[in-house]
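S.K.: Structure file my_file_28.cif (mmCIF, C-alpha atoms) is given on the next line.
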data_run
#
loop_
_atom_site.group_PDB
_atom_site.id
_atom_site.type_symbol
_atom_site.label_atom_id
_atom_site.label_comp_id
_atom_site.auth_asym_id
_atom_site.auth_seq_id
_atom_site.Cartn_x
_atom_site.Cartn_y
_atom_site.Cartn_z
ATOM 1 C CA MET A 470 0.000 0.000 0.000
ATOM 2 C CA THR A 471 1.062 3.586 -0.682
ATOM 3 C CA ILE A 472 0.117 6.278 1.796
ATOM 4 C CA SER A 473 -1.992 9.126 0.426
ATOM 5 C CA ILE A 474 -3.340 12.261 2.147
ATOM 6 C CA SER A 475 -6.000 14.451 0.582
ATOM 7 C CA PRO A 476 -8.046 17.391 1.884
ATOM 8 C CA ILE A 477 -11.477 16.453 3.195
ATOM 9 C CA ASP A 478 -12.938 19.742 1.957
ATOM 10 C CA PRO A 479 -10.736 20.883 -0.964
ATOM 11 C CA VAL A 480 -13.012 23.824 -1.785
ATOM 12 C CA SER A 481 -13.555 25.524 1.583
ATOM 13 C CA ARG A 482 -10.637 24.210 3.687
ATOM 14 C CA ALA A 483 -7.998 22.840 1.337
ATOM 15 C CA SER A 484 -5.237 23.126 3.971
ATOM 16 C CA PHE A 485 -7.200 21.973 7.036
ATOM 17 C CA ALA A 486 -8.232 18.385 7.856
ATOM 18 C CA GLY A 487 -6.877 15.620 5.640
ATOM 19 C CA GLU A 488 -8.035 12.067 5.021
ATOM 20 C CA VAL A 489 -5.335 9.386 5.000
ATOM 21 C CA SER A 490 -5.572 6.222 2.922
ATOM 22 C CA GLY A 491 -3.311 3.391 1.825
ATOM 23 C CA ILE A 492 -1.956 2.562 5.273
ATOM 24 C CA ASP A 493 -2.680 0.284 8.221
ATOM 25 C CA ILE A 494 -1.450 2.196 11.250
ATOM 26 C CA THR A 495 -2.160 -0.691 13.619
ATOM 27 C CA GLN A 496 1.013 -2.316 12.253
ATOM 28 C CA VAL A 497 4.675 -1.396 12.728
ATOM 29 C CA LEU A 498 5.439 1.428 10.298
ATOM 30 C CA PRO A 499 8.593 2.214 8.340
ATOM 31 C CA ALA A 500 10.241 5.563 9.063
ATOM 32 C CA SER A 501 9.095 6.887 5.680
ATOM 33 C CA ASP A 502 5.408 6.449 6.607
ATOM 34 C CA VAL A 503 5.929 8.090 10.005
ATOM 35 C CA ALA A 504 7.617 11.023 8.247
ATOM 36 C CA ALA A 505 4.731 11.297 5.761
ATOM 37 C CA ILE A 506 2.178 11.404 8.586
ATOM 38 C CA SER A 507 4.212 14.057 10.422
ATOM 39 C CA ALA A 508 4.363 16.148 7.254
ATOM 40 C CA GLY A 509 0.615 15.710 6.816
ATOM 41 C CA MET A 510 0.053 16.936 10.361
ATOM 42 C CA ASP A 511 2.164 20.031 9.667
ATOM 43 C CA GLN A 512 0.056 20.779 6.611
ATOM 44 C CA TYR A 513 -3.468 19.851 7.703
ATOM 45 C CA GLY A 514 -3.485 20.021 11.519
ATOM 46 C CA VAL A 515 -6.069 17.199 11.616
ATOM 47 C CA LEU A 516 -5.736 13.764 9.991
ATOM 48 C CA VAL A 517 -8.512 11.165 9.709
ATOM 49 C CA PHE A 518 -7.767 7.440 9.373
ATOM 50 C CA HIS A 519 -10.710 5.097 8.725
ATOM 51 C CA ASP A 520 -11.114 1.450 9.760
ATOM 52 C CA GLN A 521 -8.137 1.252 12.107
ATOM 53 C CA ARG A 522 -9.000 -1.576 14.511
ATOM 54 C CA PHE A 523 -6.798 -0.614 17.412
ATOM 55 C CA THR A 524 -6.301 -2.252 20.758
ATOM 56 C CA ASP A 525 -4.850 -0.004 23.450
ATOM 57 C CA GLU A 526 -1.492 -1.709 22.936
ATOM 58 C CA THR A 527 -1.352 -1.053 19.192
ATOM 59 C CA GLN A 528 -2.624 2.515 19.649
ATOM 60 C CA LEU A 529 0.135 3.160 22.161
ATOM 61 C CA ALA A 530 2.722 1.718 19.792
ATOM 62 C CA PHE A 531 1.548 3.922 16.907
ATOM 63 C CA SER A 532 1.421 7.029 19.104
ATOM 64 C CA ARG A 533 4.985 6.560 20.338
ATOM 65 C CA ASN A 534 6.231 7.136 16.783
ATOM 66 C CA PHE A 535 5.674 10.848 17.425
ATOM 67 C CA GLY A 536 7.178 11.434 20.868
ATOM 68 C CA GLU A 537 6.816 10.853 24.583
ATOM 69 C CA LEU A 538 3.294 10.105 25.769
ATOM 70 C CA GLU A 539 1.456 11.957 28.510
ATOM 71 C CA ILE A 540 0.113 10.288 31.612
ATOM 72 C CA ALA A 541 -3.694 10.578 31.594
ATOM 73 C CA SER A 542 -3.771 12.810 34.673
ATOM 74 C CA GLY A 543 -6.463 15.290 33.630
ATOM 75 C CA ASP A 544 -9.214 12.918 34.764
ATOM 76 C CA ILE A 545 -11.323 13.834 37.808
ATOM 77 C CA ASN A 546 -10.923 10.180 38.825
ATOM 78 C CA TRP A 547 -7.105 10.446 38.835
ATOM 79 C CA GLY A 548 -5.465 8.321 41.521
ATOM 80 C CA LYS A 549 -8.423 5.932 41.778
ATOM 81 C CA ASP A 550 -9.173 2.652 40.012
ATOM 82 C CA ARG A 551 -9.538 3.141 36.266
ATOM 83 C CA ARG A 552 -11.532 1.288 33.613
ATOM 84 C CA LEU A 553 -8.566 1.298 31.245
ATOM 85 C CA PRO A 554 -5.404 -0.336 32.588
ATOM 86 C CA SER A 555 -2.761 1.809 30.869
ATOM 87 C CA PRO A 556 -2.041 5.170 32.547
ATOM 88 C CA HIS A 557 -1.178 6.522 29.079
ATOM 89 C CA VAL A 558 -4.686 5.986 27.654
ATOM 90 C CA ASN A 559 -7.362 8.583 28.401
ATOM 91 C CA ASP A 560 -10.829 7.151 28.966
ATOM 92 C CA ILE A 561 -13.060 9.403 26.848
ATOM 93 C CA SER A 562 -16.282 7.533 27.491
ATOM 94 C CA ASN A 563 -19.544 7.580 29.422
ATOM 95 C CA LEU A 564 -18.793 4.232 31.099
ATOM 96 C CA ASP A 565 -17.902 3.309 34.677
ATOM 97 C CA ASN A 566 -15.280 0.755 35.735
ATOM 98 C CA ASP A 567 -17.777 -2.062 35.142
ATOM 99 C CA ASN A 568 -18.546 -0.846 31.601
ATOM 100 C CA ALA A 569 -22.002 0.338 32.663
ATOM 101 C CA LEU A 570 -23.337 3.739 31.607
ATOM 102 C CA LEU A 571 -22.528 6.510 34.063
ATOM 103 C CA ARG A 572 -25.542 7.836 35.912
ATOM 104 C CA ARG A 573 -26.710 11.274 34.813
ATOM 105 C CA GLU A 574 -25.594 12.862 38.099
ATOM 106 C CA ASP A 575 -22.286 10.956 38.335
ATOM 107 C CA ARG A 576 -19.417 13.304 39.190
ATOM 108 C CA ARG A 577 -17.249 11.854 36.403
ATOM 109 C CA ARG A 578 -19.953 12.417 33.773
ATOM 110 C CA LEU A 579 -20.566 16.000 34.876
ATOM 111 C CA PHE A 580 -16.849 16.785 34.838
ATOM 112 C CA ASN A 581 -16.499 15.247 31.363
ATOM 113 C CA LEU A 582 -19.179 17.561 29.977
ATOM 114 C CA GLY A 583 -16.368 20.103 29.864
ATOM 115 C CA ASN A 584 -15.188 18.313 26.713
ATOM 116 C CA GLN A 585 -18.106 20.000 24.955
ATOM 117 C CA LEU A 586 -16.380 23.366 25.427
ATOM 118 C CA TRP A 587 -13.792 24.514 22.898
ATOM 119 C CA HIS A 588 -10.358 23.555 24.201
ATOM 120 C CA SER A 589 -6.825 22.431 23.464
ATOM 121 C CA ASP A 590 -5.787 19.228 25.232
ATOM 122 C CA SER A 591 -3.642 19.625 28.344
ATOM 123 C CA SER A 592 -3.314 23.393 28.049
ATOM 124 C CA PHE A 593 -3.916 23.278 31.822
ATOM 125 C CA LYS A 594 -0.550 21.482 32.250
ATOM 126 C CA PRO A 595 2.798 23.346 32.366
ATOM 127 C CA VAL A 596 3.839 21.458 29.203
ATOM 128 C CA PRO A 597 0.728 21.076 27.037
ATOM 129 C CA ALA A 598 -0.106 18.438 24.445
ATOM 130 C CA LYS A 599 1.430 18.162 21.003
ATOM 131 C CA TYR A 600 -0.690 15.525 19.240
ATOM 132 C CA SER A 601 -3.899 13.852 20.393
ATOM 133 C CA LEU A 602 -5.004 10.546 18.866
ATOM 134 C CA LEU A 603 -8.623 9.514 19.438
ATOM 135 C CA SER A 604 -9.842 6.024 18.538
ATOM 136 C CA ALA A 605 -13.587 5.342 18.182
ATOM 137 C CA ARG A 606 -14.224 1.965 19.795
ATOM 138 C CA SER A 607 -18.014 2.355 20.123
ATOM 139 C CA ILE A 608 -20.166 5.259 18.972
ATOM 140 C CA PRO A 609 -23.793 6.320 19.503
ATOM 141 C CA SER A 610 -26.348 6.045 16.711
ATOM 142 C CA SER A 611 -26.288 9.818 16.243
ATOM 143 C CA GLY A 612 -24.552 12.883 17.648
ATOM 144 C CA GLY A 613 -21.234 12.849 19.443
ATOM 145 C CA ASN A 614 -19.357 14.489 16.566
ATOM 146 C CA THR A 615 -16.076 16.300 17.210
ATOM 147 C CA GLU A 616 -15.488 19.773 15.802
ATOM 148 C CA PHE A 617 -12.031 21.171 15.076
ATOM 149 C CA ALA A 618 -11.099 24.835 14.599
ATOM 150 C CA ASP A 619 -8.044 25.929 12.604
ATOM 151 C CA MET A 620 -6.243 28.324 14.927
ATOM 152 C CA ARG A 621 -3.660 29.168 12.266
ATOM 153 C CA ALA A 622 -6.297 30.449 9.846
ATOM 154 C CA ALA A 623 -8.038 32.229 12.727
ATOM 155 C CA TYR A 624 -4.801 34.065 13.568
ATOM 156 C CA ASP A 625 -4.182 34.955 9.927
ATOM 157 C CA ALA A 626 -7.666 36.478 9.696
ATOM 158 C CA LEU A 627 -7.128 38.893 12.605
ATOM 159 C CA ASP A 628 -6.526 42.544 11.796
ATOM 160 C CA ASP A 629 -3.011 43.855 12.388
ATOM 161 C CA GLU A 630 -4.005 45.797 15.498
ATOM 162 C CA THR A 631 -5.429 42.713 17.204
ATOM 163 C CA LYS A 632 -2.423 40.608 16.192
ATOM 164 C CA ALA A 633 -0.128 43.174 17.795
ATOM 165 C CA GLU A 634 -2.217 43.217 20.982
ATOM 166 C CA CYS A 635 -2.157 39.421 21.241
ATOM 167 C CA GLU A 636 1.524 38.955 20.438
ATOM 168 C CA ASP A 637 3.064 39.069 23.925
ATOM 169 C CA LEU A 638 0.083 38.116 26.070
ATOM 170 C CA VAL A 639 0.302 35.270 28.580
ATOM 171 C CA CYS A 640 -2.876 33.501 29.701
ATOM 172 C CA GLN A 641 -3.673 31.480 32.821
ATOM 173 C CA HIS A 642 -5.169 28.042 32.130
ATOM 174 C CA SER A 643 -6.930 25.758 34.613
ATOM 175 C CA GLN A 644 -9.619 23.073 34.557
ATOM 176 C CA LEU A 645 -11.038 24.777 37.656
ATOM 177 C CA TYR A 646 -12.063 27.634 35.384
ATOM 178 C CA SER A 647 -13.386 25.642 32.410
ATOM 179 C CA ARG A 648 -15.522 23.388 34.618
ATOM 180 C CA GLY A 649 -16.683 26.364 36.626
ATOM 181 C CA VAL A 650 -18.085 27.879 33.428
ATOM 182 C CA LEU A 651 -20.532 24.930 33.415
ATOM 183 C CA GLY A 652 -21.268 25.270 37.127
ATOM 184 C CA PHE A 653 -19.156 22.257 38.149
ATOM 185 C CA THR A 654 -17.453 23.073 41.452
ATOM 186 C CA ASP A 655 -17.237 19.630 43.087
ATOM 187 C CA PHE A 656 -13.465 19.699 43.543
ATOM 188 C CA THR A 657 -11.452 18.209 46.375
ATOM 189 C CA GLU A 658 -8.474 20.002 47.921
ATOM 190 C CA GLU A 659 -6.254 17.630 45.940
ATOM 191 C CA ASP A 660 -8.060 18.601 42.708
ATOM 192 C CA VAL A 661 -7.623 22.303 43.462
ATOM 193 C CA SER A 662 -3.891 21.780 43.952
ATOM 194 C CA ARG A 663 -3.529 19.569 40.864
ATOM 195 C CA PHE A 664 -5.437 21.988 38.638
ATOM 196 C CA ALA A 665 -3.686 25.147 39.839
ATOM 197 C CA PRO A 666 -3.438 27.697 36.993
ATOM 198 C CA VAL A 667 -0.477 27.517 34.613
ATOM 199 C CA GLN A 668 0.796 30.115 32.183
ATOM 200 C CA GLN A 669 0.598 29.726 28.394
ATOM 201 C CA ARG A 670 1.404 32.160 25.628
ATOM 202 C CA LEU A 671 -1.576 33.309 23.586
ATOM 203 C CA VAL A 672 0.324 33.323 20.271
ATOM 204 C CA ARG A 673 2.514 30.379 19.222
ATOM 205 C CA ARG A 674 4.715 29.781 16.197
ATOM 206 C CA HIS A 675 4.661 26.211 14.902
ATOM 207 C CA PRO A 676 8.190 24.765 15.010
ATOM 208 C CA SER A 677 7.832 22.935 11.658
ATOM 209 C CA SER A 678 5.540 25.049 9.489
ATOM 210 C CA GLY A 679 6.536 28.410 10.977
ATOM 211 C CA ARG A 680 2.888 29.504 11.014
ATOM 212 C CA LYS A 681 1.537 31.491 13.943
ATOM 213 C CA SER A 682 -1.652 30.447 15.706
ATOM 214 C CA LEU A 683 -3.856 31.447 18.618
ATOM 215 C CA PHE A 684 -3.488 29.198 21.652
ATOM 216 C CA LEU A 685 -6.972 29.416 23.115
ATOM 217 C CA ALA A 686 -8.996 27.056 25.301
ATOM 218 C CA SER A 687 -11.978 27.094 27.642
ATOM 219 C CA HIS A 688 -9.347 26.549 30.353
ATOM 220 C CA ALA A 689 -8.031 30.101 29.801
ATOM 221 C CA GLY A 690 -9.603 32.259 32.505
ATOM 222 C CA GLY A 691 -7.225 35.180 32.749
ATOM 223 C CA ILE A 692 -4.449 37.203 31.129
ATOM 224 C CA VAL A 693 -1.383 38.107 33.167
ATOM 225 C CA GLY A 694 -1.485 41.807 34.068
ATOM 226 C CA TRP A 695 -5.096 42.327 32.966
ATOM 227 C CA PRO A 696 -8.201 42.771 35.125
ATOM 228 C CA VAL A 697 -10.159 39.505 35.054
ATOM 229 C CA PRO A 698 -13.387 40.880 33.475
ATOM 230 C CA GLU A 699 -11.429 42.584 30.691
ATOM 231 C CA ALA A 700 -9.343 39.468 30.059
ATOM 232 C CA ARG A 701 -12.346 37.159 29.888
ATOM 233 C CA ALA A 702 -14.221 39.495 27.550
ATOM 234 C CA PHE A 703 -11.192 39.677 25.252
ATOM 235 C CA LEU A 704 -10.693 35.892 25.249
ATOM 236 C CA ARG A 705 -14.412 35.344 24.639
ATOM 237 C CA ASP A 706 -14.276 37.587 21.555
ATOM 238 C CA LEU A 707 -11.171 35.803 20.249
ATOM 239 C CA THR A 708 -12.838 32.424 20.727
ATOM 240 C CA GLU A 709 -15.985 33.553 18.908
ATOM 241 C CA HIS A 710 -13.800 34.704 16.033
ATOM 242 C CA ALA A 711 -11.654 31.549 15.968
ATOM 243 C CA THR A 712 -14.605 29.161 15.984
ATOM 244 C CA GLY A 713 -16.529 30.746 13.138
ATOM 245 C CA ARG A 714 -17.798 28.187 10.611
ATOM 246 C CA THR A 715 -15.160 29.224 8.087
ATOM 247 C CA PHE A 716 -12.462 27.779 10.330
ATOM 248 C CA VAL A 717 -14.260 24.620 11.548
ATOM 249 C CA TYR A 718 -14.251 20.990 10.365
ATOM 250 C CA ALA A 719 -16.879 18.710 11.970
ATOM 251 C CA HIS A 720 -15.942 15.044 12.097
ATOM 252 C CA VAL A 721 -18.838 12.572 11.974
ATOM 253 C CA TRP A 722 -17.477 9.452 13.624
ATOM 254 C CA LYS A 723 -17.536 5.931 12.253
ATOM 255 C CA GLN A 724 -16.527 3.001 14.418
ATOM 256 C CA TRP A 725 -12.765 2.377 14.225
ATOM 257 C CA ASP A 726 -11.945 5.863 12.970
ATOM 258 C CA LEU A 727 -8.775 7.315 14.408
ATOM 259 C CA VAL A 728 -8.485 11.099 14.327
ATOM 260 C CA MET A 729 -5.151 12.716 15.059
ATOM 261 C CA TRP A 730 -4.777 16.439 15.649
ATOM 262 C CA ASP A 731 -2.104 18.989 16.493
ATOM 263 C CA ASN A 732 -3.052 20.898 19.641
ATOM 264 C CA ARG A 733 -0.536 23.613 18.752
ATOM 265 C CA ALA A 734 -2.582 24.519 15.675
ATOM 266 C CA THR A 735 -6.172 23.565 16.535
ATOM 267 C CA MET A 736 -8.916 23.739 19.113
ATOM 268 C CA HIS A 737 -11.726 21.179 19.374
ATOM 269 C CA ARG A 738 -14.915 20.221 21.180
ATOM 270 C CA ALA A 739 -17.217 17.199 21.441
ATOM 271 C CA ARG A 740 -20.892 17.560 20.582
ATOM 272 C CA PRO A 741 -23.816 16.168 22.619
ATOM 273 C CA PHE A 742 -25.300 12.715 22.158
ATOM 274 C CA ASP A 743 -27.926 10.500 23.811
ATOM 275 C CA ALA A 744 -26.595 9.732 27.304
ATOM 276 C CA ASN A 745 -28.420 6.395 27.194
ATOM 277 C CA GLU A 746 -26.106 5.187 24.423
ATOM 278 C CA VAL A 747 -22.468 4.189 24.724
ATOM 279 C CA ARG A 748 -19.726 6.455 23.381
ATOM 280 C CA ASP A 749 -16.386 4.791 24.056
ATOM 281 C CA MET A 750 -13.313 6.631 22.769
ATOM 282 C CA HIS A 751 -9.693 5.985 23.753
ATOM 283 C CA ARG A 752 -7.200 8.841 23.514
ATOM 284 C CA THR A 753 -3.423 8.801 23.570
ATOM 285 C CA THR A 754 -1.586 12.096 23.857
ATOM 286 C CA VAL A 755 1.895 13.078 22.712
ATOM 287 C CA ALA A 756 3.430 15.768 24.897
ATOM 288 C CA CYS A 757 5.192 18.872 23.603
ATOM 289 C CA GLU A 758 8.927 18.967 24.063
ATOM 290 C CA ARG A 759 8.780 22.162 26.144
ATOM 291 C CA SER A 760 6.408 24.740 27.575
ATOM 292 C CA THR A 761 4.938 27.580 25.547
ATOM 293 C CA MET A 762 6.905 30.006 27.723
ATOM 294 C CA ALA A 763 10.140 28.249 26.739
ATOM 295 C CA GLU A 764 9.054 28.259 23.088
ATOM 296 C CA ALA A 765 8.963 32.037 23.211
ATOM 297 C CA ALA A 766 12.482 32.175 24.618
#
Starting from the file, give its structure as structure tokens.
M.R.:
Amino acid sequence: MTISISPIDPVSRASFAGEVSGIDITQVLPASDVAAISAGMDQYGVLVFHDQRFTDETQLAFSRNFGELEIASGDINWGKDRRLPSPHVNDISNLDNDNALLRREDRRRLFNLGNQLWHSDSSFKPVPAKYSLLSARSIPSSGGNTEFADMRAAYDALDDETKAECEDLVCQHSQLYSRGVLGFTDFTEEDVSRFAPVQQRLVRRHPSSGRKSLFLASHAGGIVGWPVPEARAFLRDLTEHATGRTFVYAHVWKQWDLVMWDNRATMHRARPFDANEVRDMHRTTVACERSTMAEAA
């Protein structure tokens, strides 16, 4: 097989979101295929692979082609028994440890509703995520799509005055803020310590493509040196701009899809689905090599 990558929407978004064919990524890959996928990520920001029948072990093996993997420590259930045995696999599902549907009022389900807000994975960690890889093991009959916003195109579309204002700003990111937006405040003292705000630059330059992008997320609740109301109003306006339909690709899941995205160049959110149906997604996450503050230096 020969790997091929083509734009999903060549008319409206020719350089955002690509579909990959001619490859089985559940198998050990030659260096040339890994390089082609990396180049595709630099170009498209989001890559879609269909019919990739991963186990957690093969997903981990594929993910490690692209760097060191994060520990799945952003879970409200961190430190307790997990449904998935590997600490490097995020449980993006509505299932409990016995594979039963979470109750509507379950603390884990309510916390996970934050995934429906626009965000960039692990921006609440000192060193945020590079790539995320999400495997669809079981999907509901409808709904549950994932939307992706091109933060490079969103930056390019800003006027020069706004670009200049954003250039040197540093934001404070925390899951305490993003969940609080939804009214979720059921945090333990340990959670409050673990999710203490971290600093991230608002504008990033991609190390491979050289393109600048906005580094936004629902976790961003403040700007260093700004009054909180002014900062949140400014970030809200930027997010509204960056998530306009022109910049967004909506992925309609099929079972065994794997979608891979670059958190340095995109933002994403899950969409609602029937809570009485199973949505079981497994995510592996490649960490950035350094913090956004170090990137600037």
S.K.: Hey, what's within 10 Å of Thr761 (chain A) if we count all atoms listed in the file and toss same-chain stuff fewer than 6 positions away? As an MDAnalysis selection string, please?
M.R.: chainID A and resid 592 595:597 639 668:674 684 733
S.K.: With C-alpha atoms kept, could you save the residues just selected as an mmCIF file, in the coordinates of the input?
M.R.:
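Result file is result_5.cif:
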data_model
loop_
_atom_site.group_PDB
_atom_site.id
_atom_site.type_symbol
_atom_site.label_atom_id
_atom_site.label_comp_id
_atom_site.auth_asym_id
_atom_site.auth_seq_id
_atom_site.Cartn_x
_atom_site.Cartn_y
_atom_site.Cartn_z
ATOM 1 C CA SER A 592 -3.314 23.393 28.049
ATOM 2 C CA PRO A 595 2.798 23.346 32.366
ATOM 3 C CA VAL A 596 3.839 21.458 29.203
ATOM 4 C CA PRO A 597 0.728 21.076 27.037
ATOM 5 C CA VAL A 639 0.302 35.270 28.580
ATOM 6 C CA GLN A 668 0.796 30.115 32.183
ATOM 7 C CA GLN A 669 0.598 29.726 28.394
ATOM 8 C CA ARG A 670 1.404 32.160 25.628
ATOM 9 C CA LEU A 671 -1.576 33.309 23.586
ATOM 10 C CA VAL A 672 0.324 33.323 20.271
ATOM 11 C CA ARG A 673 2.514 30.379 19.222
ATOM 12 C CA ARG A 674 4.715 29.781 16.197
ATOM 13 C CA PHE A 684 -3.488 29.198 21.652
ATOM 14 C CA ARG A 733 -0.536 23.613 18.752
#
S.K.: Hey, which of A:Arg578, A:Arg748, A:Lys549, A:His710 ends up closest to Ala618 (chain A)? Count all atoms listed in the file.
M.R.: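 Nearest to Ala618 (chain A): A:His710.
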S.K.: Here is a test: counting only C-alpha atoms, which residue of A:Glu636, A:Ala569, A:Ala700, A:Val497 is nearest to Gln528 (chain A)?
M.R.: A:Val497
S.K.: What is the distance between CA of Leu707 (chain A) and CA of Lys632 (chain A), in Å to one decimal?
M.R.: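 Computing it gives 10.8 Å between the two atoms.
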S.K.: Quote the spacing between CA of Pro556 (chain A) and CA of Ile540 (chain A) in Å to one decimal place.
M.R.: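 Here the two named atoms are 5.6 Å from each other.
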S.K.: What does the distance from CA of His675 (chain A) to CA of Phe716 (chain A) come to in Å, to one decimal?
M.R.: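 Distance reported for this atom pair: 17.8 Å.
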S.K.: With all atoms listed in the file as the basis for distance, which of A:Glu709, A:Asp660, A:Ala719, A:Ser677 is at the shortest distance from Gly548 (chain A)?
M.R.: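 Between A:Glu709, A:Asp660, A:Ala719, A:Ser677, the residue approaching Gly548 (chain A) most closely is A:Asp660.
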S.K.: Convert the output of the PyMOL selection byres ((chain A and resi 511) around 10) on the shown file into explicit residues, formatted as a CSV table (one decimal) with C-alpha atoms, in the coordinates of the input.
M.R.:
chain,number,residue,atom,x,y,z
A,484,SER,CA,-5.2,23.1,4.0
A,485,PHE,CA,-7.2,22.0,7.0
A,505,ALA,CA,4.7,11.3,5.8
A,506,ILE,CA,2.2,11.4,8.6
A,507,SER,CA,4.2,14.1,10.4
A,508,ALA,CA,4.4,16.1,7.3
A,509,GLY,CA,0.6,15.7,6.8
A,510,MET,CA,0.1,16.9,10.4
A,512,GLN,CA,0.1,20.8,6.6
A,513,TYR,CA,-3.5,19.9,7.7
A,514,GLY,CA,-3.5,20.0,11.5
A,515,VAL,CA,-6.1,17.2,11.6
A,675,HIS,CA,4.7,26.2,14.9
A,676,PRO,CA,8.2,24.8,15.0
A,677,SER,CA,7.8,22.9,11.7
A,678,SER,CA,5.5,25.0,9.5
A,679,GLY,CA,6.5,28.4,11.0
A,680,ARG,CA,2.9,29.5,11.0
A,730,TRP,CA,-4.8,16.4,15.6
A,731,ASP,CA,-2.1,19.0,16.5
A,734,ALA,CA,-2.6,24.5,15.7
S.K.: Using only C-alpha atoms, which residue out of A:Ile561, A:Leu704, A:His720, A:Asp726 lies closest to Thr631 (chain A)?
M.R.: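 Comparing A:Ile561, A:Leu704, A:His720, A:Asp726 against Thr631 (chain A), the winner is A:Leu704.
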S.K.: Set up a box along x, y and z of the file covering all listed atoms of region 537-554 of chain A, add 6 Å on every one of the six sides, and write the centre and edge lengths in Å to one decimal, as JSON.
M.R.:
{"center_x": -2.4, "center_y": 7.5, "center_z": 33.2, "size_x": 30.3, "size_y": 27.6, "size_z": 29.2}
S.K.: Complete the atoms of region 523-537 of chain A to N, CA and C atoms and put them out as a PDB file, in the coordinates of the input.
M.R.:
ATOM      1  N   PHE A 523      -7.804  -0.663  16.368  1.00  0.00           N
ATOM      2  CA  PHE A 523      -6.798  -0.614  17.412  1.00  0.00           C
ATOM      3  C   PHE A 523      -7.216  -1.370  18.667  1.00  0.00           C
ATOM      4  N   THR A 524      -6.238  -1.961  19.330  1.00  0.00           N
ATOM      5  CA  THR A 524      -6.301  -2.252  20.758  1.00  0.00           C
ATOM      6  C   THR A 524      -5.548  -1.119  21.446  1.00  0.00           C
ATOM      7  N   ASP A 525      -5.632  -1.030  22.764  1.00  0.00           N
ATOM      8  CA  ASP A 525      -4.850  -0.004  23.450  1.00  0.00           C
ATOM      9  C   ASP A 525      -3.362  -0.192  23.206  1.00  0.00           C
ATOM     10  N   GLU A 526      -2.912  -1.436  23.133  1.00  0.00           N
ATOM     11  CA  GLU A 526      -1.492  -1.709  22.936  1.00  0.00           C
ATOM     12  C   GLU A 526      -1.017  -1.225  21.567  1.00  0.00           C
ATOM     13  N   THR A 527      -1.793  -1.494  20.521  1.00  0.00           N
ATOM     14  CA  THR A 527      -1.352  -1.053  19.192  1.00  0.00           C
ATOM     15  C   THR A 527      -1.505   0.460  19.036  1.00  0.00           C
ATOM     16  N   GLN A 528      -2.501   1.055  19.694  1.00  0.00           N
ATOM     17  CA  GLN A 528      -2.624   2.515  19.649  1.00  0.00           C
ATOM     18  C   GLN A 528      -1.441   3.174  20.348  1.00  0.00           C
ATOM     19  N   LEU A 529      -1.037   2.629  21.466  1.00  0.00           N
ATOM     20  CA  LEU A 529       0.135   3.160  22.161  1.00  0.00           C
ATOM     21  C   LEU A 529       1.380   3.045  21.295  1.00  0.00           C
ATOM     22  N   ALA A 530       1.544   1.918  20.638  1.00  0.00           N
ATOM     23  CA  ALA A 530       2.722   1.718  19.792  1.00  0.00           C
ATOM     24  C   ALA A 530       2.747   2.729  18.643  1.00  0.00           C
ATOM     25  N   PHE A 531       1.602   2.940  17.988  1.00  0.00           N
ATOM     26  CA  PHE A 531       1.548   3.922  16.907  1.00  0.00           C
ATOM     27  C   PHE A 531       1.848   5.322  17.432  1.00  0.00           C
ATOM     28  N   SER A 532       1.265   5.683  18.557  1.00  0.00           N
ATOM     29  CA  SER A 532       1.421   7.029  19.104  1.00  0.00           C
ATOM     30  C   SER A 532       2.870   7.336  19.451  1.00  0.00           C
ATOM     31  N   ARG A 533       3.589   6.340  19.917  1.00  0.00           N
ATOM     32  CA  ARG A 533       4.985   6.560  20.338  1.00  0.00           C
ATOM     33  C   ARG A 533       5.912   6.864  19.163  1.00  0.00           C
ATOM     34  N   ASN A 534       5.430   6.704  17.936  1.00  0.00           N
ATOM     35  CA  ASN A 534       6.231   7.136  16.783  1.00  0.00           C
ATOM     36  C   ASN A 534       6.479   8.636  16.791  1.00  0.00           C
ATOM     37  N   PHE A 535       5.668   9.390  17.544  1.00  0.00           N
ATOM     38  CA  PHE A 535       5.674  10.848  17.425  1.00  0.00           C
ATOM     39  C   PHE A 535       6.170  11.562  18.680  1.00  0.00           C
ATOM     40  N   GLY A 536       6.616  10.794  19.683  1.00  0.00           N
ATOM     41  CA  GLY A 536       7.178  11.434  20.868  1.00  0.00           C
ATOM     42  C   GLY A 536       6.769  10.748  22.151  1.00  0.00           C
ATOM     43  N   GLU A 537       7.147  11.376  23.261  1.00  0.00           N
ATOM     44  CA  GLU A 537       6.816  10.853  24.583  1.00  0.00           C
ATOM     45  C   GLU A 537       5.328  11.050  24.866  1.00  0.00           C
TER      46      GLU A 537
END
